[in-house]
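J.: Have a look at the structure that comes next, please.
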Amino acid sequence: MSAVLVIAGVDSSGGAGLARDLRTLEQLGAQGLCAVTAVTVQSDTLLIACQLMPPQLVSAAIGAALESGRVAAVKIGMLGSAAIVHAVAAALPPGLGAPIVLDPVLASSAGGSLLDAGGQAALIEWLLPRATLLTPNLPEAAALLGTQVAVGEAALLQQAQQLRALGARAVLMKGGHAAGAQASDYLVSAADTQCLATARRAGRRRGTGCALAAAIAAGLAARLPLSEACRRAKDHVTQLFDAPR
């Protein structure tokens with residue numbers, strides 16, 4: 001059976017990271033393989049500690065997953081350092097043939113940096129051009145571009161095109177940090193621009209970015225078109241907000 005290879009960090013609270021990714025894949029009927037990049041100690045409000053994995057261990061885990069012959073899509077989340085970015089890029093062969101969903105995890109929603117400036121530069125150089133889809137929120141997009149957070153649709157779409165110019169084949173700009181009654185994400189590709197909108201839910205849920213990217217990877221592993229995979233993933237994340245806490 002085909003599977004999604006998740007390359008991400010562990011969040012001790014279970015609210016985000018690898019635990020959220022694997023739970024999402026299970027809910028959508030997909031199998032998961034994993035390569036752990038870091039172990040973090042987090043609560044809902046605080047990043048307490050972080051221990052990065054040795055890059056060679058990350059690389060070996062990716063290699064073992066690929067040797068299974070079951071990897072139909074790859075989801076990349078927290079990387080933690082430039083060295084791990086390089087290890088991941090080297091371990092994923094250019095002719096992989098599986099779509100790559102890159103979620104640029106730069107900071108924890110509980111507070112604290114998860115990828116420094118050197119790591120971000122390496123991500124832009126080595127992984128962003130490999131991405132089938134990049135899924136930044138508005139602060140992440142601004143950080144990658146070294147600019148201000150986009151305000152308004154025109155600025156958001158301009159930043160999406162700038163990220164595509166850096167190599168990503170498509171960009172899903174997540175609008176959760178924007179204002180307004182609608183939570184609008186914009187899928188920008190060479191073919192067109194699509195707006196995926198739902199009524200904005202009150203409150204916050206940790207791990208929604210992880211869940212969205214993992215759900216998209218599950219859809220791509222099932223050979224859904226990119227737009228359909230994104231719409232299904234958006235519906236899944238909306239259900240997380242509606243579910244009892």
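Ordering of the structure tokens sets the chain letters (A, B, ...), residue numbers begin anew at 1 in every chain, and ligands are numbered from 1 in the order given.
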Would you give me, as a PyMOL selection string, the residues in stretch 2-245 of chain A that DSSP reads as strand (DSSP E or B)?

T.: chain A and resi 3-11+31-42+47-52+71-76+100-102+107+113+133-134+137+170-174+182-189+193-199

J.: Go through stretch 139-181 of chain A and flag each residue having an atom no more than 12 Å from stretch 215-237 of chain A; for those, report the closest pair of atoms plus their distance in Å to one decimal, using only C-alpha atoms, ordered by chain and rising number, as a tab-separated table.

T.:
```
residue	atom	partner	partner_atom	distance
A:Arg169	CA	A:Leu226	CA	11.0
A:Ala170	CA	A:Leu226	CA	9.1
A:Val171	CA	A:Leu226	CA	10.8
A:Leu172	CA	A:Cys230	CA	8.3
A:Met173	CA	A:Cys230	CA	11.3
A:Lys174	CA	A:Lys234	CA	10.0
A:Gly175	CA	A:Lys234	CA	11.5
A:Gly176	CA	A:Val237	CA	11.3
```

J.: I need the residue nearest A:Ile48 from this list: A:Ser12, A:Thr208, A:Gln162, A:Thr135. Use only C-alpha atoms for the distance.

T.: A:Ser12

J.: Could you pull out the helix (DSSP H, G or I) residues of stretch 148-233 of chain A, going by DSSP on the backbone, and write them as a short mmCIF file (atom, residue, chain, number, x, y, z; two decimals) with C-alpha atoms, in the first residue's frame?

T.:
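Final file, states.cif:
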```cif
data_model
loop_
_atom_site.label_atom_id
_atom_site.label_comp_id
_atom_site.auth_asym_id
_atom_site.auth_seq_id
_atom_site.Cartn_x
_atom_site.Cartn_y
_atom_site.Cartn_z
CA GLU A 153 -5.45 40.23 -1.33
CA ALA A 154 -3.21 42.03 -3.82
CA ALA A 155 -0.17 41.97 -1.53
CA LEU A 156 -0.84 38.34 -0.60
CA LEU A 157 -0.99 37.25 -4.23
CA GLN A 158 2.14 39.21 -5.05
CA GLN A 159 4.06 37.40 -2.32
CA ALA A 160 2.73 34.06 -3.58
CA GLN A 161 4.12 34.82 -7.04
CA GLN A 162 7.45 35.85 -5.52
CA LEU A 163 7.64 32.51 -3.73
CA ARG A 164 6.82 30.71 -6.97
CA ALA A 165 9.63 32.64 -8.63
CA THR A 208 -3.76 23.26 11.98
CA GLY A 209 -0.91 24.05 9.59
CA CYS A 210 0.56 20.60 10.14
CA ALA A 211 -2.82 18.99 9.60
CA LEU A 212 -3.47 20.95 6.42
CA ALA A 213 -0.16 20.03 4.79
CA ALA A 214 -0.45 16.39 5.84
CA ALA A 215 -4.01 16.21 4.52
CA ILE A 216 -2.90 17.67 1.18
CA ALA A 217 -0.09 15.10 0.98
CA ALA A 218 -2.64 12.36 1.67
CA GLY A 219 -4.76 13.61 -1.21
CA LEU A 220 -1.80 13.76 -3.57
CA ALA A 221 -0.74 10.26 -2.53
CA LEU A 226 -3.76 19.46 -6.44
CA SER A 227 -6.78 21.75 -6.21
CA GLU A 228 -9.03 18.91 -5.03
CA ALA A 229 -6.44 17.77 -2.48
CA CYS A 230 -6.26 21.32 -1.12
CA ARG A 231 -10.03 21.70 -0.90
CA ARG A 232 -10.42 18.38 0.91
CA ALA A 233 -7.64 19.35 3.31
#
```

J.: Residues of stretch 53-167 of chain A within 8 Å of stretch 20-34 of chain A: nearest atom pair and distance (Å, one decimal) for each, counting only C-alpha atoms, sorted by chain and number, as a Markdown table?

T.:
```
| residue | atom | partner | partner_atom | distance |
| --- | --- | --- | --- | --- |
| A:Ala61 | CA | A:Cys34 | CA | 7.3 |
| A:Ile62 | CA | A:Cys34 | CA | 7.6 |
| A:Ala65 | CA | A:Leu33 | CA | 6.4 |
```

J.: Here is a test: counting only C-alpha atoms, which residue of A:Ser108, A:Arg206, A:Ala60, A:Gly146 is nearest to A:Gly14?

T.: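 With only C-alpha atoms as the atom set, the closest residue is A:Arg206.
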